[in-house]
Amino acid sequence: MSKLPEMISKHQEAIRADWLKQMSGAVRRADLMSNEEIDSQSRELLTTIASGAKSGGITNLDGPAWTPAREALAAISASRAKQGFTTSETAIFVLSLKQPLFAMVRKELAASPDAVFDEIWKATLLLDNLALITADAFQTTREKFIARQQEELMELSTPVVKLWDGILALPIIGTLDSARTQVVMESLLQAVVQTNSRFAIIDITGVPTVDTLVAQHLLKTITAARLMGAECIISGVRPQIAQTIVHLGIDLANVITKAKLADAFALALQRTGKTVVAMDSGNAKKTLFKKEE
Amino acid sequence: MERIPILRMGQFLLVTIQVDMHDRLAVQLQDDLTEKISEWSSRGVLIDISTLEIVDSFIGRMLANIAAMARVLDAETVVVGMQPAVAITLVELGMSLAGVRTALNVETGMELLYELRGDFHSEMGG
């Protein structure tokens, strides 16, 4: 039976003082978090470790006795992930507990070197496990961040704009992948129904590259819009993209394509029986004259 | 037996699908429609599917078939009011309904039919 849990509970304050004293600047990162915060974090962690070790043993950290310790570690690494710590800095925070712990074991069991080695080995395993839990939690937090940002980006980057009665524009910024195509398609079709639009201009000025997959996604959107009775015009085809499309052998014969959004808009206006005319010169002069007055 | 009503509006036929399409109903509609086109010498068919929420490949093919059959009987087919979800489903099923004309609603659909037929008459006149 290990004496480690008992020793940790007994000397908890001493270990903590030692730990904080020896914590190097790299672990502490005074620029990212305050001394009070690190103080409370270390106290909470050590208390939960002591109670976990006491009731749950030090070999298996999956049991309910270790739940508070696991939660404390998760909270610590989550807050550090937000504060901008690196993974290793976060792991070292836990691993730096080794030195004070070993020192304590050596002092307590000075009489029997074999027992010292035994307990130190057990303490190493315990702390390694705790560090692994920390690293896992750290990574989970980061991944959640990234997923949320991707979601936000997705919502931000697919606006449907009404240009005129019955004419919609959909400026696409960034690469079109399957997930985005789904969002783009849904929001476009929804807008077509809501605004009763006969024309939708898909502007791909902001799409960096067009490969066969992107083209396929575009064609799907166009076909779906056509099924609902709306016609799509692709605009913003840059010269390089036109070359790529031809080289890849993508068939856009059934799709109206225009170089500029303005050209597409003019075509849509014309098809809906509207036109843009200049104000007659008399009117223009009057306006100019008034301004000068 | 349940049937989808076919309304006659001058030289056009109007079909509004307001129930869940099942396969037998679709085949029945195909039969009735071809019958009526030839009986009344209709020049156009307008199919309103704005309340249709579920489609499968069979219904999709049926729409394409009706358009093709009507074309043989010298009538244009316009499908109107397709829901976004239905359009996405059909595209994902690989059915683009190439021979079918589409419009946003009944109003624009009728305009399209008149336009198509108007061209036909002026060609004959000219």
# chains A, B, ... in the order shown; residues from 1 in each chain; ligands from 1
>>> select_by_dssp(residues="range 80-119 of chain B", states="strand (DSSP E or B)", output="ChimeraX atom specification")
/B:80,101-103
>>> write_last_selection(atoms="N, CA and C atoms", output="PDB file, in the first residue's frame")
ATOM      1  N   VAL B  80     -44.105  24.700 -61.388  1.00  0.00           N
ATOM      2  CA  VAL B  80     -43.946  25.937 -60.623  1.00  0.00           C
ATOM      3  C   VAL B  80     -43.943  25.678 -59.118  1.00  0.00           C
ATOM      4  N   ARG B 101     -39.583  22.961 -68.015  1.00  0.00           N
ATOM      5  CA  ARG B 101     -39.451  24.390 -67.731  1.00  0.00           C
ATOM      6  C   ARG B 101     -39.968  24.665 -66.328  1.00  0.00           C
ATOM      7  N   THR B 102     -39.388  25.672 -65.691  1.00  0.00           N
ATOM      8  CA  THR B 102     -39.776  25.947 -64.307  1.00  0.00           C
ATOM      9  C   THR B 102     -40.084  27.426 -64.136  1.00  0.00           C
ATOM     10  N   ALA B 103     -40.888  27.745 -63.119  1.00  0.00           N
ATOM     11  CA  ALA B 103     -41.174  29.139 -62.777  1.00  0.00           C
ATOM     12  C   ALA B 103     -41.376  29.225 -61.280  1.00  0.00           C
TER      13      ALA B 103
END
>>> interface_residues(of="chain B", to="chain A", cutoff="12 Å", atoms="only C-alpha atoms", output="NGL selection string")
:B and (48-50 or 60 or 63-64 or 78-109 or 112)
>>> write_last_selection(atoms="C-alpha atoms", output="compact mmCIF listing (two decimals), in the first residue's frame")
# COMPACT_ATOMS: atom_id res chain seq x y z
CA ASP B 48 -47.99 23.49 -59.19
CA ILE B 49 -45.93 21.60 -56.62
CA SER B 50 -45.61 24.39 -54.02
CA GLY B 60 -38.72 13.25 -60.15
CA LEU B 63 -42.22 14.91 -63.73
CA ALA B 64 -39.61 14.54 -66.45
CA VAL B 78 -44.07 24.27 -66.71
CA VAL B 79 -43.42 23.12 -63.14
CA VAL B 80 -43.95 25.94 -60.62
CA GLY B 81 -43.35 26.63 -56.94
CA MET B 82 -40.75 24.00 -56.13
CA GLN B 83 -39.59 24.22 -52.51
CA PRO B 84 -35.86 24.73 -51.82
CA ALA B 85 -35.60 21.40 -49.99
CA VAL B 86 -37.23 19.60 -52.91
CA ALA B 87 -34.89 21.27 -55.41
CA ILE B 88 -31.83 20.31 -53.34
CA THR B 89 -33.06 16.73 -53.03
CA LEU B 90 -33.60 16.38 -56.76
CA VAL B 91 -30.14 17.80 -57.51
CA GLU B 92 -28.54 15.45 -54.99
CA LEU B 93 -30.40 12.57 -56.66
CA GLY B 94 -28.78 13.67 -59.91
CA MET B 95 -32.05 14.70 -61.53
CA SER B 96 -31.81 18.10 -63.19
CA LEU B 97 -35.14 17.69 -65.08
CA ALA B 98 -33.45 19.06 -68.18
CA GLY B 99 -36.57 18.98 -70.38
CA VAL B 100 -38.84 20.65 -67.86
CA ARG B 101 -39.45 24.39 -67.73
CA THR B 102 -39.78 25.95 -64.31
CA ALA B 103 -41.17 29.14 -62.78
CA LEU B 104 -41.35 30.67 -59.33
CA ASN B 105 -45.14 30.69 -58.94
CA VAL B 106 -48.37 30.12 -60.86
CA GLU B 107 -48.42 33.71 -62.09
CA THR B 108 -44.99 33.68 -63.69
CA GLY B 109 -45.65 30.13 -64.87
CA LEU B 112 -44.16 31.75 -69.42
>>> closest_residue(among="B:Glu115, B:Glu76, B:Asp31, B:Asp56", to="Phe12 in chain B", atoms="only C-alpha atoms")
B:Glu76
>>> closest_residue(among="A:Leu248, A:Ile58, A:Ala74, A:Ala179", to="Leu125 in chain A", atoms="only C-alpha atoms")
A:Ile58
>>> select_by_dssp(residues="chain B", states="alpha helix (DSSP H)", output="JSON, numbers by chain")
{"B": [23, 24, 25, 26, 27, 28, 29, 30, 31, 32, 33, 34, 35, 36, 37, 38, 39, 40, 57, 58, 59, 60, 61, 62, 63, 64, 65, 66, 67, 68, 69, 70, 71, 72, 84, 85, 86, 87, 88, 89, 90, 91, 92, 106, 107, 108, 109, 110, 111, 112, 113, 114, 115, 116, 117, 118, 119, 120, 121, 122, 123, 124, 125]}
>>> write_last_selection(atoms="C-alpha atoms", output="PDB file, in the first residue's frame")
ATOM      1  CA  ASP B  23     -46.251   6.047 -56.770  1.00  0.00           C
ATOM      2  CA  ARG B  24     -49.703   4.845 -57.855  1.00  0.00           C
ATOM      3  CA  LEU B  25     -51.039   8.407 -57.742  1.00  0.00           C
ATOM      4  CA  ALA B  26     -48.153   9.546 -59.928  1.00  0.00           C
ATOM      5  CA  VAL B  27     -48.838   6.897 -62.557  1.00  0.00           C
ATOM      6  CA  GLN B  28     -52.561   7.757 -62.464  1.00  0.00           C
ATOM      7  CA  LEU B  29     -51.727  11.452 -63.007  1.00  0.00           C
ATOM      8  CA  GLN B  30     -49.538  10.538 -65.965  1.00  0.00           C
ATOM      9  CA  ASP B  31     -52.423   8.567 -67.524  1.00  0.00           C
ATOM     10  CA  ASP B  32     -55.049  11.242 -66.867  1.00  0.00           C
ATOM     11  CA  LEU B  33     -52.894  14.080 -68.089  1.00  0.00           C
ATOM     12  CA  THR B  34     -51.976  12.519 -71.422  1.00  0.00           C
ATOM     13  CA  GLU B  35     -55.630  11.617 -71.879  1.00  0.00           C
ATOM     14  CA  LYS B  36     -56.790  15.198 -71.245  1.00  0.00           C
ATOM     15  CA  ILE B  37     -54.109  16.796 -73.406  1.00  0.00           C
ATOM     16  CA  SER B  38     -55.188  14.804 -76.411  1.00  0.00           C
ATOM     17  CA  GLU B  39     -58.906  15.152 -75.601  1.00  0.00           C
ATOM     18  CA  TRP B  40     -58.842  18.951 -75.292  1.00  0.00           C
ATOM     19  CA  SER B  57     -36.381   9.692 -57.657  1.00  0.00           C
ATOM     20  CA  PHE B  58     -39.612   8.130 -58.894  1.00  0.00           C
ATOM     21  CA  ILE B  59     -41.606  11.360 -58.567  1.00  0.00           C
ATOM     22  CA  GLY B  60     -38.717  13.249 -60.149  1.00  0.00           C
ATOM     23  CA  ARG B  61     -38.675  10.898 -63.096  1.00  0.00           C
ATOM     24  CA  MET B  62     -42.438  11.127 -63.348  1.00  0.00           C
ATOM     25  CA  LEU B  63     -42.223  14.912 -63.735  1.00  0.00           C
ATOM     26  CA  ALA B  64     -39.615  14.535 -66.453  1.00  0.00           C
ATOM     27  CA  ASN B  65     -41.743  11.862 -68.149  1.00  0.00           C
ATOM     28  CA  ILE B  66     -44.897  13.992 -68.086  1.00  0.00           C
ATOM     29  CA  ALA B  67     -42.972  16.845 -69.711  1.00  0.00           C
ATOM     30  CA  ALA B  68     -41.602  14.544 -72.400  1.00  0.00           C
ATOM     31  CA  MET B  69     -45.011  12.979 -73.093  1.00  0.00           C
ATOM     32  CA  ALA B  70     -46.701  16.385 -73.243  1.00  0.00           C
ATOM     33  CA  ARG B  71     -43.988  17.520 -75.651  1.00  0.00           C
ATOM     34  CA  VAL B  72     -44.854  14.616 -77.948  1.00  0.00           C
ATOM     35  CA  PRO B  84     -35.855  24.732 -51.822  1.00  0.00           C
ATOM     36  CA  ALA B  85     -35.605  21.404 -49.989  1.00  0.00           C
ATOM     37  CA  VAL B  86     -37.230  19.601 -52.911  1.00  0.00           C
ATOM     38  CA  ALA B  87     -34.887  21.273 -55.406  1.00  0.00           C
ATOM     39  CA  ILE B  88     -31.826  20.307 -53.344  1.00  0.00           C
ATOM     40  CA  THR B  89     -33.061  16.726 -53.031  1.00  0.00           C
ATOM     41  CA  LEU B  90     -33.598  16.382 -56.763  1.00  0.00           C
ATOM     42  CA  VAL B  91     -30.141  17.802 -57.507  1.00  0.00           C
ATOM     43  CA  GLU B  92     -28.545  15.447 -54.988  1.00  0.00           C
ATOM     44  CA  VAL B 106     -48.372  30.118 -60.862  1.00  0.00           C
ATOM     45  CA  GLU B 107     -48.423  33.705 -62.087  1.00  0.00           C
ATOM     46  CA  THR B 108     -44.990  33.675 -63.689  1.00  0.00           C
ATOM     47  CA  GLY B 109     -45.654  30.132 -64.869  1.00  0.00           C
ATOM     48  CA  MET B 110     -48.754  31.240 -66.798  1.00  0.00           C
ATOM     49  CA  GLU B 111     -46.797  34.182 -68.248  1.00  0.00           C
ATOM     50  CA  LEU B 112     -44.158  31.750 -69.416  1.00  0.00           C
ATOM     51  CA  LEU B 113     -46.760  29.495 -71.031  1.00  0.00           C
ATOM     52  CA  TYR B 114     -48.350  32.436 -72.883  1.00  0.00           C
ATOM     53  CA  GLU B 115     -44.899  33.579 -73.940  1.00  0.00           C
ATOM     54  CA  LEU B 116     -44.010  30.134 -75.287  1.00  0.00           C
ATOM     55  CA  ARG B 117     -47.305  29.810 -77.123  1.00  0.00           C
ATOM     56  CA  GLY B 118     -47.180  33.423 -78.295  1.00  0.00           C
ATOM     57  CA  ASP B 119     -43.879  32.744 -80.014  1.00  0.00           C
ATOM     58  CA  PHE B 120     -45.431  29.717 -81.632  1.00  0.00           C
ATOM     59  CA  HIS B 121     -48.391  31.705 -83.000  1.00  0.00           C
ATOM     60  CA  SER B 122     -46.337  34.607 -84.266  1.00  0.00           C
ATOM     61  CA  GLU B 123     -44.071  32.158 -86.020  1.00  0.00           C
ATOM     62  CA  MET B 124     -47.100  30.636 -87.708  1.00  0.00           C
ATOM     63  CA  GLY B 125     -48.488  34.074 -88.550  1.00  0.00           C
TER      64      GLY B 125
END
>>> residues_around(residues="range 150-164 of chain A", least_positions_apart="5", cutoff="7 Å", atoms="only C-alpha atoms", output="JSON, numbers by chain")
{"A": [169, 170, 172, 173, 180, 184, 188]}
>>> write_last_selection(atoms="N, CA and C atoms", output="mmCIF file, in the first residue's frame")
data_model
loop_
_atom_site.group_PDB
_atom_site.id
_atom_site.type_symbol
_atom_site.label_atom_id
_atom_site.label_comp_id
_atom_site.auth_asym_id
_atom_site.auth_seq_id
_atom_site.Cartn_x
_atom_site.Cartn_y
_atom_site.Cartn_z
ATOM 1 N N ALA A 169 -28.111 38.944 -55.595
ATOM 2 C CA ALA A 169 -26.690 38.701 -55.821
ATOM 3 C C ALA A 169 -26.138 37.904 -54.646
ATOM 4 N N LEU A 170 -25.226 37.008 -54.964
ATOM 5 C CA LEU A 170 -24.624 36.161 -53.939
ATOM 6 C C LEU A 170 -23.112 36.224 -54.117
ATOM 7 N N ILE A 172 -19.583 35.288 -53.328
ATOM 8 C CA ILE A 172 -18.932 34.209 -52.580
ATOM 9 C C ILE A 172 -17.480 34.585 -52.318
ATOM 10 N N ILE A 173 -17.098 34.581 -51.036
ATOM 11 C CA ILE A 173 -15.712 34.888 -50.663
ATOM 12 C C ILE A 173 -15.100 33.607 -50.097
ATOM 13 N N ARG A 180 -19.835 24.362 -47.185
ATOM 14 C CA ARG A 180 -20.227 25.734 -47.512
ATOM 15 C C ARG A 180 -21.222 25.768 -48.647
ATOM 16 N N VAL A 184 -24.565 27.847 -48.774
ATOM 17 C CA VAL A 184 -24.789 28.804 -49.851
ATOM 18 C C VAL A 184 -26.073 28.461 -50.595
ATOM 19 N N LEU A 188 -29.425 30.738 -50.615
ATOM 20 C CA LEU A 188 -29.827 31.315 -51.907
ATOM 21 C C LEU A 188 -31.259 30.907 -52.250
#
>>> atom_distance(atom1="CA of Glu119 in chain A", atom2="CA of Ile15 in chain A")
15.5 Å
>>> decode(residues="range 74-86 of chain B", atoms="N, CA and C atoms", output="PDB file, in the first residue's frame")
ATOM      1  N   ASP B  74     -47.472  17.859 -78.297  1.00  0.00           N
ATOM      2  CA  ASP B  74     -47.413  19.285 -78.623  1.00  0.00           C
ATOM      3  C   ASP B  74     -47.953  20.189 -77.521  1.00  0.00           C
ATOM      4  N   ALA B  75     -47.551  19.915 -76.282  1.00  0.00           N
ATOM      5  CA  ALA B  75     -47.902  20.833 -75.195  1.00  0.00           C
ATOM      6  C   ALA B  75     -46.638  21.100 -74.377  1.00  0.00           C
ATOM      7  N   GLU B  76     -46.496  22.365 -73.934  1.00  0.00           N
ATOM      8  CA  GLU B  76     -45.350  22.709 -73.094  1.00  0.00           C
ATOM      9  C   GLU B  76     -45.694  22.433 -71.637  1.00  0.00           C
ATOM     10  N   THR B  77     -44.693  22.010 -70.846  1.00  0.00           N
ATOM     11  CA  THR B  77     -44.936  21.777 -69.421  1.00  0.00           C
ATOM     12  C   THR B  77     -44.119  22.759 -68.591  1.00  0.00           C
ATOM     13  N   VAL B  78     -44.780  23.396 -67.637  1.00  0.00           N
ATOM     14  CA  VAL B  78     -44.070  24.274 -66.712  1.00  0.00           C
ATOM     15  C   VAL B  78     -44.346  23.789 -65.291  1.00  0.00           C
ATOM     16  N   VAL B  79     -43.278  23.515 -64.537  1.00  0.00           N
ATOM     17  CA  VAL B  79     -43.422  23.120 -63.135  1.00  0.00           C
ATOM     18  C   VAL B  79     -43.182  24.362 -62.286  1.00  0.00           C
ATOM     19  N   VAL B  80     -44.105  24.700 -61.388  1.00  0.00           N
ATOM     20  CA  VAL B  80     -43.946  25.937 -60.623  1.00  0.00           C
ATOM     21  C   VAL B  80     -43.943  25.678 -59.118  1.00  0.00           C
ATOM     22  N   GLY B  81     -43.276  26.587 -58.398  1.00  0.00           N
ATOM     23  CA  GLY B  81     -43.351  26.627 -56.938  1.00  0.00           C
ATOM     24  C   GLY B  81     -42.586  25.539 -56.216  1.00  0.00           C
ATOM     25  N   MET B  82     -41.502  25.057 -56.817  1.00  0.00           N
ATOM     26  CA  MET B  82     -40.751  23.999 -56.128  1.00  0.00           C
ATOM     27  C   MET B  82     -40.087  24.544 -54.861  1.00  0.00           C
ATOM     28  N   GLN B  83     -40.205  23.811 -53.783  1.00  0.00           N
ATOM     29  CA  GLN B  83     -39.595  24.216 -52.514  1.00  0.00           C
ATOM     30  C   GLN B  83     -38.078  24.028 -52.571  1.00  0.00           C
ATOM     31  N   PRO B  84     -37.320  24.884 -51.840  1.00  0.00           N
ATOM     32  CA  PRO B  84     -35.855  24.732 -51.822  1.00  0.00           C
ATOM     33  C   PRO B  84     -35.413  23.316 -51.469  1.00  0.00           C
ATOM     34  N   ALA B  85     -36.027  22.740 -50.425  1.00  0.00           N
ATOM     35  CA  ALA B  85     -35.605  21.404 -49.989  1.00  0.00           C
ATOM     36  C   ALA B  85     -35.813  20.377 -51.091  1.00  0.00           C
ATOM     37  N   VAL B  86     -36.932  20.525 -51.821  1.00  0.00           N
ATOM     38  CA  VAL B  86     -37.230  19.601 -52.911  1.00  0.00           C
ATOM     39  C   VAL B  86     -36.197  19.754 -54.024  1.00  0.00           C
TER      40      VAL B  86
END
